file run_26.cif (mmCIF, C-alpha atoms)
data_target
#
loop_
_atom_site.label_atom_id
_atom_site.label_comp_id
_atom_site.auth_asym_id
_atom_site.auth_seq_id
_atom_site.Cartn_x
_atom_site.Cartn_y
_atom_site.Cartn_z
CA MET A 1 58.79 40.27 29.02
CA THR A 2 61.34 40.23 26.20
CA ASP A 3 62.02 37.31 23.87
CA SER A 4 65.40 36.82 25.52
CA ASP A 5 63.75 36.59 28.92
CA ARG A 6 61.18 34.11 27.61
CA THR A 7 63.79 31.64 26.40
CA LYS A 8 65.18 31.37 29.94
CA ILE A 9 61.92 29.88 31.17
CA PRO A 10 62.02 26.07 31.16
CA ASN A 11 60.13 24.60 28.23
CA ALA A 12 60.24 21.76 25.76
CA ARG A 13 63.12 23.40 23.88
CA ASN A 14 65.52 24.23 26.69
CA ASN A 15 64.80 22.12 29.77
CA GLY A 16 66.14 18.84 28.43
CA SER A 17 69.60 19.07 29.92
CA GLY A 18 68.88 16.63 32.72
CA THR A 19 68.76 12.88 32.33
CA VAL A 20 65.63 10.81 32.66
CA GLY A 21 65.63 8.95 35.94
CA ARG A 22 67.57 9.70 39.14
CA ASP A 23 70.63 11.93 39.09
CA PRO A 24 73.63 11.59 41.46
CA GLU A 25 71.99 13.94 43.98
CA GLY A 26 68.85 11.84 44.13
CA GLU A 27 66.63 14.14 42.05
CA LEU A 28 64.15 12.70 39.57
CA ARG A 29 64.42 14.52 36.26
CA PHE A 30 61.80 14.01 33.58
CA PRO A 31 61.80 16.87 31.06
CA PRO A 32 58.36 17.15 29.43
CA VAL A 33 59.08 15.59 26.04
CA ARG A 34 61.05 12.70 27.51
CA ASN A 35 58.31 12.28 30.10
CA GLY A 36 55.72 11.98 27.33
CA VAL A 37 57.85 9.53 25.36
CA ASP A 38 58.36 7.48 28.53
CA TYR A 39 54.57 7.20 28.83
CA LEU A 40 54.50 6.01 25.20
CA ARG A 41 57.06 3.35 26.02
CA SER A 42 54.90 2.19 28.91
CA VAL A 43 51.78 2.01 26.70
CA ILE A 44 53.55 -0.08 24.06
CA GLU A 45 54.95 -2.43 26.70
CA LEU A 46 51.49 -2.84 28.23
CA LEU A 47 49.77 -3.56 24.90
CA ASP A 48 52.45 -5.89 23.57
CA GLY A 49 51.91 -9.64 23.81
CA GLY A 50 48.24 -10.14 24.75
CA PRO A 51 47.41 -7.59 27.46
CA ASP A 52 45.23 -8.57 30.41
CA PRO A 53 42.57 -6.20 31.85
CA ARG A 54 45.05 -4.59 34.24
CA ASP A 55 47.47 -3.93 31.38
CA LEU A 56 44.66 -2.30 29.39
CA LYS A 57 43.69 -0.14 32.34
CA TYR A 58 47.15 1.32 32.70
CA ALA A 59 47.56 1.56 28.92
CA VAL A 60 44.54 3.89 28.82
CA LEU A 61 45.81 5.98 31.74
CA HIS A 62 49.36 6.27 30.40
CA LEU A 63 48.24 6.95 26.83
CA GLN A 64 46.05 9.83 28.01
CA ALA A 65 49.01 11.16 30.02
CA ALA A 66 51.31 10.88 27.00
CA THR A 67 48.84 12.72 24.79
CA GLU A 68 48.43 15.56 27.25
CA VAL A 69 52.15 15.93 27.97
CA LEU A 70 53.31 15.82 24.34
CA LEU A 71 50.67 18.17 22.92
CA LYS A 72 51.21 20.66 25.72
CA ALA A 73 54.99 20.40 25.28
CA ARG A 74 54.55 21.51 21.68
CA LEU A 75 52.27 24.34 22.75
CA VAL A 76 54.92 25.58 25.17
CA THR A 77 57.45 25.92 22.34
CA PHE A 78 55.26 28.69 20.93
CA ASP A 79 54.71 30.44 24.27
CA TRP A 80 54.73 28.99 27.80
CA ARG A 81 51.72 31.11 28.72
CA LEU A 82 49.52 29.19 26.27
CA ILE A 83 49.19 26.20 28.60
CA PHE A 84 47.55 28.23 31.35
CA THR A 85 43.76 27.89 31.54
CA LYS A 86 43.56 31.67 31.20
CA VAL A 87 46.48 33.05 29.21
CA GLU A 88 45.99 36.49 30.73
CA ASP A 89 46.58 35.02 34.22
CA ALA A 90 49.88 33.33 33.30
CA ASP A 91 52.50 33.76 36.01
CA GLU A 92 56.18 33.00 35.52
CA ASP A 93 56.86 31.90 39.10
CA ALA A 94 53.82 29.60 39.09
CA TYR A 95 54.98 28.15 35.77
CA ARG A 96 58.47 27.42 37.12
CA ARG A 97 56.96 25.67 40.17
CA GLY A 98 54.36 23.82 38.11
CA ASP A 99 51.74 25.27 40.45
CA PHE A 100 48.95 26.31 38.09
CA ASN A 101 45.85 25.04 36.27
CA SER A 102 46.65 24.09 32.71
CA CYS A 103 44.17 24.23 29.83
CA ASN A 104 42.09 21.22 28.86
CA MET A 105 42.70 19.15 25.73
CA LYS A 106 39.96 20.91 23.77
CA ASP A 107 41.77 24.22 24.30
CA VAL A 108 45.17 22.65 23.61
CA ILE A 109 43.97 21.43 20.20
CA LYS A 110 42.39 24.81 19.43
CA ARG A 111 45.52 26.73 20.44
CA LEU A 112 47.75 24.42 18.39
CA ARG A 113 45.48 25.07 15.40
CA ASP A 114 45.83 28.81 16.00
CA GLN A 115 49.60 28.29 15.77
CA GLY A 116 49.32 26.42 12.47
CA ILE A 117 49.24 22.80 13.68
CA GLU A 118 46.03 21.22 12.43
CA ILE A 119 44.73 18.05 14.08
CA SER A 120 42.25 16.15 11.90
CA PRO A 121 38.65 15.62 13.07
CA GLU A 122 39.29 11.87 13.25
CA ASP A 123 42.38 12.28 15.45
CA LYS A 124 40.55 14.83 17.57
CA GLY A 125 37.68 12.38 17.99
CA ASN A 126 40.04 9.60 19.06
CA ILE A 127 41.78 11.90 21.55
CA THR A 128 38.43 13.04 22.96
CA HIS A 129 37.22 9.45 23.32
CA LEU A 130 40.47 8.49 25.04
CA GLY A 131 39.95 11.30 27.56
CA GLN A 132 36.42 10.05 28.23
CA GLN A 133 37.72 6.51 28.72
CA ARG A 134 40.34 7.79 31.14
CA ASN A 135 37.76 9.76 33.14
CA ARG A 136 35.36 6.83 33.38
CA LEU A 137 38.20 4.52 34.38
CA GLN A 138 39.59 6.94 36.96
CA HIS A 139 36.33 8.00 38.57
CA TYR A 140 33.51 5.62 37.71
CA GLY A 141 35.00 2.39 36.39
CA LEU A 142 35.24 1.35 32.75
CA VAL A 143 33.53 -1.55 31.01
CA ASP A 144 34.70 -1.98 27.42
CA SER A 145 35.76 -4.77 25.10
CA VAL A 146 39.44 -5.60 24.72
CA ILE A 147 39.13 -5.14 20.95
CA ALA A 148 37.63 -1.67 21.36
CA VAL A 149 40.31 -0.47 23.80
CA GLU A 150 43.16 -1.83 21.68
CA ALA A 151 41.72 -0.37 18.46
CA ARG A 152 41.35 3.11 19.95
CA ALA A 153 44.76 2.95 21.61
CA ALA A 154 46.42 1.98 18.31
CA LYS A 155 44.85 4.98 16.58
CA VAL A 156 46.02 7.46 19.23
CA LEU A 157 49.48 5.87 19.34
CA ASP A 158 49.73 6.18 15.57
CA PHE A 159 48.82 9.86 15.82
CA LEU A 160 51.32 10.56 18.62
CA LEU A 161 54.25 8.86 16.89
CA LYS A 162 53.63 11.03 13.83
CA PHE A 163 53.07 14.14 15.97
CA VAL A 164 56.41 13.68 17.75
CA HIS A 165 58.24 13.21 14.45
CA ASP A 166 56.53 16.03 12.55
CA HIS A 167 56.02 18.68 15.21
CA LEU A 168 58.02 18.02 18.38
CA VAL A 169 61.45 16.84 17.30
CA PRO A 170 62.00 19.74 14.85
CA GLY A 171 61.48 22.16 17.74
CA LEU A 172 64.05 20.58 20.07
CA ASP A 173 67.71 21.45 20.37
CA GLU A 174 70.05 19.09 18.53
CA ALA A 175 71.14 17.05 21.57
CA GLU A 176 67.59 16.55 22.84
CA ALA A 177 66.32 15.72 19.35
CA ARG A 178 68.92 12.93 19.04
CA ILE A 179 67.82 11.42 22.37
CA ILE A 180 64.13 11.49 21.46
CA GLU A 181 64.69 10.13 17.94
CA ARG A 182 66.79 7.28 19.35
CA GLU A 183 63.97 6.38 21.72
CA MET A 184 61.32 6.66 19.00
CA ASN A 185 63.34 4.41 16.68
CA ILE A 186 63.09 1.71 19.36
CA LEU A 187 59.36 2.22 19.89
CA ARG A 188 58.19 2.37 16.24
CA PRO A 189 58.91 -1.29 15.35
CA ARG A 190 57.25 -2.48 18.56
CA PHE A 191 54.20 -0.38 17.80
CA GLY A 192 54.19 -1.84 14.29
CA GLU A 193 53.67 -5.30 15.79
CA ILE A 194 50.71 -4.05 17.85
CA ARG A 195 49.19 -2.30 14.85
CA SER A 196 49.57 -5.47 12.76
CA LEU A 197 47.53 -7.42 15.31
CA VAL A 198 44.80 -4.78 15.29
CA ASN A 199 44.79 -4.62 11.48
CA GLU A 200 44.65 -8.40 11.26
CA ARG A 201 41.32 -8.37 13.07
CA SER A 202 39.92 -5.69 10.79
CA GLN A 203 40.96 -7.28 7.47
CA ARG A 204 37.68 -9.18 7.35
CA LEU A 205 35.62 -5.98 7.68
CA PRO A 206 35.74 -4.74 4.05
CA ARG A 207 34.27 -8.03 2.84
CA GLU A 208 31.54 -8.06 5.50
CA LEU A 209 30.64 -4.42 5.01
CA LYS A 210 30.77 -4.20 1.21
CA ALA A 211 26.98 -4.36 0.88
CA HIS A 212 26.33 -1.98 3.76
CA LEU A 213 28.57 1.03 3.04
CA ASP A 214 25.66 3.43 2.49
CA TYR A 215 24.55 3.05 6.11
CA THR A 216 27.77 2.15 7.95
CA VAL A 217 29.22 4.82 10.27
CA VAL A 218 32.12 5.13 12.70
CA CYS A 219 31.61 3.13 15.89
CA ARG A 220 31.80 5.38 18.91
CA THR A 221 33.46 2.60 20.94
CA CYS A 222 36.28 1.28 18.76
CA GLY A 223 36.52 4.10 16.19
CA GLU A 224 36.25 1.77 13.19
CA TRP A 225 33.96 2.36 10.19
CA ALA A 226 31.97 -0.69 11.23
CA LEU A 227 28.70 0.36 12.91
CA VAL A 228 25.93 -0.90 10.63
CA THR A 229 22.81 1.19 11.17
CA ARG A 230 20.14 -1.18 9.90
CA GLY A 231 17.75 -2.99 12.17
CA ASP A 232 19.38 -3.02 15.60
CA PRO A 233 22.62 -1.03 15.09
CA ALA A 234 25.69 -3.18 15.74
CA CYS A 235 29.44 -2.81 15.23
CA ARG A 236 31.02 -5.54 13.11
CA SER A 237 34.43 -4.85 14.67
CA CYS A 238 34.03 -4.63 18.46
CA HIS A 239 30.51 -6.14 18.46
CA GLU A 240 28.88 -3.38 20.48
CA THR A 241 25.12 -3.61 19.95
CA TRP A 242 22.25 -1.25 20.67
CA GLU A 243 18.84 -2.43 21.79
CA HIS A 244 17.26 0.83 20.68
CA PRO A 245 18.30 2.81 17.58
CA THR A 246 17.55 6.10 19.34
CA ASP A 247 20.36 5.40 21.82
CA ALA A 248 22.76 4.51 19.01
CA ALA A 249 21.84 7.70 17.14
CA CYS A 250 22.21 9.89 20.21
CA TRP A 251 25.58 8.51 21.32
CA TYR A 252 26.89 8.64 17.75
CA MET A 253 26.14 12.37 17.65
CA CYS A 254 27.73 12.91 21.07
CA ASP A 255 30.88 10.79 20.78
CA VAL A 256 31.58 10.95 17.04
CA LEU A 257 30.12 14.27 15.92
CA GLY A 258 31.02 15.96 19.21
CA VAL A 259 27.72 17.60 20.16
CA SER A 260 26.17 17.74 23.62
CA PHE A 261 23.54 15.23 24.69
CA ARG A 262 20.85 17.91 24.71
CA GLU A 263 21.83 19.09 21.22
CA ALA A 264 21.79 15.51 19.96
CA TRP A 265 18.39 14.74 21.45
CA GLU A 266 16.88 17.88 19.93
CA ALA A 267 18.48 17.27 16.52
CA ILE A 268 17.40 13.62 16.12
CA LYS A 269 14.02 13.39 14.39
CA THR A 270 11.34 10.72 14.02
CA CYS A 271 11.65 8.75 10.77
CA PRO A 272 8.68 9.13 8.38
CA VAL A 273 9.06 5.49 7.33
CA CYS A 274 9.73 3.41 10.46
CA GLU A 275 8.41 6.07 12.87
CA VAL A 276 11.39 5.62 15.21
CA LYS A 277 13.22 8.64 16.63
CA ALA A 278 16.49 7.76 14.93
CA VAL A 279 17.06 10.19 12.04
CA VAL A 280 20.54 11.71 12.44
CA PRO A 281 21.45 14.92 10.60
CA GLY A 282 25.07 15.39 9.54
CA ALA A 283 26.15 11.75 9.74
CA PHE A 284 29.08 10.43 7.69
CA VAL A 285 28.70 7.02 6.05
CA ALA A 286 31.43 4.71 4.76
CA SER A 287 30.46 5.18 1.11
CA SER A 288 30.79 8.96 1.39
CA ARG A 289 33.11 9.80 4.27
CA GLU A 290 33.54 13.50 3.51
CA ILE A 291 29.94 14.54 2.84
CA PRO A 292 27.47 14.72 5.76
CA ILE A 293 24.04 13.24 5.14
CA THR A 294 20.80 12.72 7.04
CA VAL A 295 20.04 9.04 7.66
CA CYS A 296 17.80 6.92 9.86
CA PHE A 297 19.72 4.69 12.26
CA THR A 298 17.34 1.77 11.91
CA CYS A 299 15.62 1.62 8.49
CA THR A 300 18.31 3.72 6.69
CA TRP A 301 15.77 6.12 5.13
CA ARG A 302 17.20 9.48 4.08
CA PRO A 303 15.69 12.57 2.43
CA GLY A 304 15.27 12.16 -1.32
CA ILE A 305 14.40 8.48 -1.25
CA MET A 306 11.16 6.66 -0.54
CA LEU A 307 10.16 3.18 0.53
CA CYS A 308 8.14 1.48 -2.19
CA LEU A 309 5.02 0.01 -0.67
CA GLU A 310 5.01 -2.78 -3.27
CA CYS A 311 8.57 -4.08 -3.47
CA SER A 312 9.79 -2.73 -0.06
CA GLU A 313 12.91 -1.25 -1.68
CA PHE A 314 14.24 2.26 -1.15
CA VAL A 315 14.21 4.14 -4.46
CA PRO A 316 14.88 7.77 -5.48
CA GLN A 317 11.89 9.94 -4.71
CA ASP A 318 12.20 11.73 -8.06
CA GLY A 319 12.60 8.52 -10.06
CA GLY A 320 8.98 8.34 -11.16
CA GLY A 321 6.10 6.35 -9.76
CA ILE A 322 3.55 7.66 -7.28
CA TYR A 323 4.86 9.69 -4.37
CA GLN A 324 2.23 9.57 -1.64
CA ARG A 325 3.83 11.29 1.37
CA GLU A 326 7.26 11.83 2.88
CA GLY A 327 9.21 8.58 2.76
CA TRP A 328 6.44 6.49 1.18
CA GLY A 329 5.31 5.74 -2.37
CA VAL A 330 5.21 3.25 -5.22
CA CYS A 331 8.22 3.08 -7.52
CA ASN A 332 7.88 3.40 -11.30
CA PRO A 333 8.42 -0.31 -12.17
CA CYS A 334 5.88 -1.39 -9.57
CA HIS A 335 3.46 1.30 -10.72
CA GLU A 336 3.75 0.13 -14.33
CA HIS A 337 3.31 -3.50 -13.25
CA MET A 338 0.20 -2.58 -11.26
CA GLU A 339 -1.25 -0.73 -14.28
CA LEU A 340 -0.47 -3.69 -16.56
CA GLU A 341 -2.14 -6.15 -14.22
CA GLY A 342 -5.13 -3.81 -13.96
CA SER A 343 -5.51 -3.67 -17.75
CA VAL A 344 -5.26 -7.47 -18.01
CA ARG A 345 -8.00 -7.89 -15.45
#

call {"tool": "encode", "arguments": {"input": "run_26.cif", "output": "structure tokens"}}
result
Amino acid sequence: MTDSDRTKIPNARNNGSGTVGRDPEGELRFPPVRNGVDYLRSVIELLDGGPDPRDLKYAVLHLQAATEVLLKARLVTFDWRLIFTKVEDADEDAYRRGDFNSCNMKDVIKRLRDQGIEISPEDKGNITHLGQQRNRLQHYGLVDSVIAVEARAAKVLDFLLKFVHDHLVPGLDEAEARIIEREMNILRPRFGEIRSLVNERSQRLPRELKAHLDYTVVCRTCGEWALVTRGDPACRSCHETWEHPTDAACWYMCDVLGVSFREAWEAIKTCPVCEVKAVVPGAFVASSREIPITVCFTCTWRPGIMLCLECSEFVPQDGGGIYQREGWGVCNPCHEHMELEGSVR
């Protein structure tokens, strides 16, 4: 197939000649990019003005649809064959009819990266979580807090609005680009109002979490840096709580770090201090968001520190004192105090 032949195949660049809606002959015409933007419009309308549970349900479904349509539309601008599950099985007639299995979102993100469009780990995590929400809602039923759903939706919406502006519109023909930009100019201010409501709820978090940054991680439910992993792990944003730290550690690795349940279970170790299976390798905490560390999801022990048996504080393992075994010891000030008391006696 030559390049000239390829451009004749309908894609996000050249199939936008029809109008959205019903044409005079009674045919519904929703070119891919406009279709995705129409889903965005629906999501913003559903979230605006205090959504009820039914609004949230359809917001999740439509947001997942928008994400899939818009990311795949961009992929098609590189090569229509890239949206087939198996690129080597791509068939032009099947593509024209829309009668084929398209690749999943994991492959879409990977193939976009191969074409030079990088999606951040945080955005990828939010997209993945949205897909999981959609699947649970569609097939099993979804139980989640309103705050958590709105917070996640706002993050994905924010990503999509930027994605359309940065990556989709520049690839459209001039007429189609004007139509999409006009629509996006209407949607952006409305989304700003939704984002303001979400941000208003989270403005209290920095004050609440200031003393806990060394053991606060991303909440797998709402996506905020608000899950405090001390005692019984609990999110200060959406208020999800965990009765057992092992469960919190395992689901954090699955939903935030993106590993399988089996991999998570095998990776989580028993803490040498609290003796709970809750030590997570490769976690990211709020005080150091770019550097992975190992941390216990209940007593917050990590390699290189020890719990002083006298003052019950965590102190650097190499900071002096008596180091008895992994995770335990007596810090230098307490050791000196004990020696002083011993000499007095």

call {"tool": "atom_distance", "arguments": {"input": "run_26.cif", "atom1": "CA of Asp99 (chain A)", "atom2": "CA of His165 (chain A)"}}
result
29.4 Å

call {"tool": "resolve_selection", "arguments": {"input": "run_26.cif", "expression": "the PyMOL selection byres ((chain A and resi 71-84) around 7)", "output": "PyMOL selection string"}}
result
chain A and resi 11-13+32-33+67-70+85-87+90+101-103+108+112+168

call {"tool": "atom_distance", "arguments": {"input": "run_26.cif", "atom1": "CA of Gly231 (chain A)", "atom2": "CA of Val273 (chain A)"}}
result
13.1 Å

call {"tool": "residues_near_point", "arguments": {"input": "run_26.cif", "point": "(46.2, 3.1, 20.0)", "cutoff": "10 Å", "atoms": "all atoms listed in the file", "output": "list in words"}}
result
Val43, Ile44, Leu47, Ala59, Val60, Leu63, Asn126, Ile127, Leu130, Ala148, Val149, Glu150, Ala151, Arg152, Ala153, Ala154, Lys155, Val156, Leu157, Asp158, Phe159, Leu160, Phe191, Ile194, Arg195 and Val198 of chain A

call {"tool": "resolve_selection", "arguments": {"input": "run_26.cif", "expression": "the PyMOL selection byres ((chain A and resi 278) around 7)", "output": "PyMOL selection string"}}
result
chain A and resi 245-246+249+268-271+276-277+279-280+296-298

call {"tool": "decode", "arguments": {"input": "run_26.cif", "residues": "region 86-97 of chain A", "atoms": "all heavy atoms", "output": "short mmCIF file (atom, residue, chain, number, x, y, z; two decimals), in the first residue's frame"}}
result
data_model
loop_
_atom_site.label_atom_id
_atom_site.label_comp_id
_atom_site.auth_asym_id
_atom_site.auth_seq_id
_atom_site.Cartn_x
_atom_site.Cartn_y
_atom_site.Cartn_z
N LYS A 86 -3.74 -7.00 16.39
CA LYS A 86 -2.51 -7.48 15.77
C LYS A 86 -2.30 -6.69 14.49
O LYS A 86 -3.07 -6.81 13.54
CB LYS A 86 -2.59 -8.97 15.47
CG LYS A 86 -2.68 -9.85 16.70
CD LYS A 86 -2.68 -11.33 16.33
CE LYS A 86 -2.72 -12.21 17.57
NZ LYS A 86 -2.73 -13.66 17.21
N VAL A 87 -1.26 -5.86 14.49
CA VAL A 87 -1.01 -4.98 13.35
C VAL A 87 -0.84 -5.79 12.07
O VAL A 87 -1.30 -5.39 10.98
CB VAL A 87 0.25 -4.12 13.61
CG1 VAL A 87 0.57 -3.26 12.39
CG2 VAL A 87 0.04 -3.24 14.83
N GLU A 88 -0.22 -6.96 12.18
CA GLU A 88 0.04 -7.78 10.99
C GLU A 88 -1.25 -8.33 10.38
O GLU A 88 -1.26 -8.76 9.22
CB GLU A 88 0.99 -8.93 11.33
CG GLU A 88 0.49 -9.91 12.37
CD GLU A 88 0.82 -9.50 13.80
OE1 GLU A 88 1.12 -8.31 14.02
OE2 GLU A 88 0.80 -10.37 14.68
N ASP A 89 -2.35 -8.32 11.15
CA ASP A 89 -3.63 -8.82 10.62
C ASP A 89 -4.54 -7.69 10.13
O ASP A 89 -5.71 -7.94 9.82
CB ASP A 89 -4.36 -9.62 11.71
CG ASP A 89 -3.63 -10.90 12.08
OD1 ASP A 89 -2.81 -11.36 11.25
OD2 ASP A 89 -3.87 -11.44 13.17
N ALA A 90 -4.04 -6.47 10.08
CA ALA A 90 -4.87 -5.32 9.68
C ALA A 90 -5.42 -5.52 8.27
O ALA A 90 -4.70 -5.92 7.35
CB ALA A 90 -4.06 -4.04 9.76
N ASP A 91 -6.70 -5.24 8.14
CA ASP A 91 -7.39 -5.42 6.85
C ASP A 91 -8.15 -4.14 6.51
O ASP A 91 -8.94 -3.65 7.32
CB ASP A 91 -8.35 -6.62 6.95
CG ASP A 91 -9.16 -6.81 5.69
OD1 ASP A 91 -8.63 -7.41 4.73
OD2 ASP A 91 -10.31 -6.31 5.65
N GLU A 92 -7.91 -3.64 5.31
CA GLU A 92 -8.50 -2.35 4.92
C GLU A 92 -10.02 -2.40 4.87
O GLU A 92 -10.69 -1.48 5.37
CB GLU A 92 -7.95 -1.93 3.55
CG GLU A 92 -8.52 -0.62 3.07
CD GLU A 92 -7.95 -0.22 1.72
OE1 GLU A 92 -6.89 -0.74 1.33
OE2 GLU A 92 -8.58 0.62 1.06
N ASP A 93 -10.58 -3.47 4.31
CA ASP A 93 -12.04 -3.56 4.22
C ASP A 93 -12.67 -3.64 5.61
O ASP A 93 -13.69 -3.00 5.89
CB ASP A 93 -12.44 -4.79 3.40
CG ASP A 93 -12.11 -4.63 1.92
OD1 ASP A 93 -12.05 -3.46 1.46
OD2 ASP A 93 -11.92 -5.65 1.25
N ALA A 94 -12.04 -4.42 6.50
CA ALA A 94 -12.55 -4.53 7.87
C ALA A 94 -12.47 -3.18 8.58
O ALA A 94 -13.37 -2.80 9.34
CB ALA A 94 -11.76 -5.59 8.64
N TYR A 95 -11.40 -2.43 8.30
CA TYR A 95 -11.24 -1.11 8.91
C TYR A 95 -12.34 -0.16 8.44
O TYR A 95 -12.94 0.57 9.25
CB TYR A 95 -9.86 -0.54 8.57
CG TYR A 95 -9.63 0.84 9.14
CD1 TYR A 95 -9.36 1.02 10.48
CD2 TYR A 95 -9.72 1.97 8.32
CE1 TYR A 95 -9.17 2.29 11.02
CE2 TYR A 95 -9.52 3.24 8.84
CZ TYR A 95 -9.25 3.38 10.19
OH TYR A 95 -9.07 4.64 10.70
N ARG A 96 -12.62 -0.17 7.15
CA ARG A 96 -13.67 0.71 6.61
C ARG A 96 -15.03 0.39 7.21
O ARG A 96 -15.84 1.28 7.47
CB ARG A 96 -13.73 0.57 5.09
CG ARG A 96 -12.55 1.21 4.35
CD ARG A 96 -12.71 1.01 2.84
NE ARG A 96 -11.63 1.64 2.10
CZ ARG A 96 -11.59 2.92 1.78
NH1 ARG A 96 -12.56 3.73 2.16
NH2 ARG A 96 -10.58 3.41 1.09
N ARG A 97 -15.29 -0.91 7.45
CA ARG A 97 -16.58 -1.33 8.01
C ARG A 97 -16.63 -1.17 9.52
O ARG A 97 -17.70 -1.23 10.12
CB ARG A 97 -16.86 -2.80 7.67
CG ARG A 97 -17.01 -3.12 6.19
CD ARG A 97 -17.59 -4.52 6.01
NE ARG A 97 -16.86 -5.53 6.77
CZ ARG A 97 -15.81 -6.20 6.30
NH1 ARG A 97 -15.36 -5.95 5.08
NH2 ARG A 97 -15.19 -7.11 7.05
#
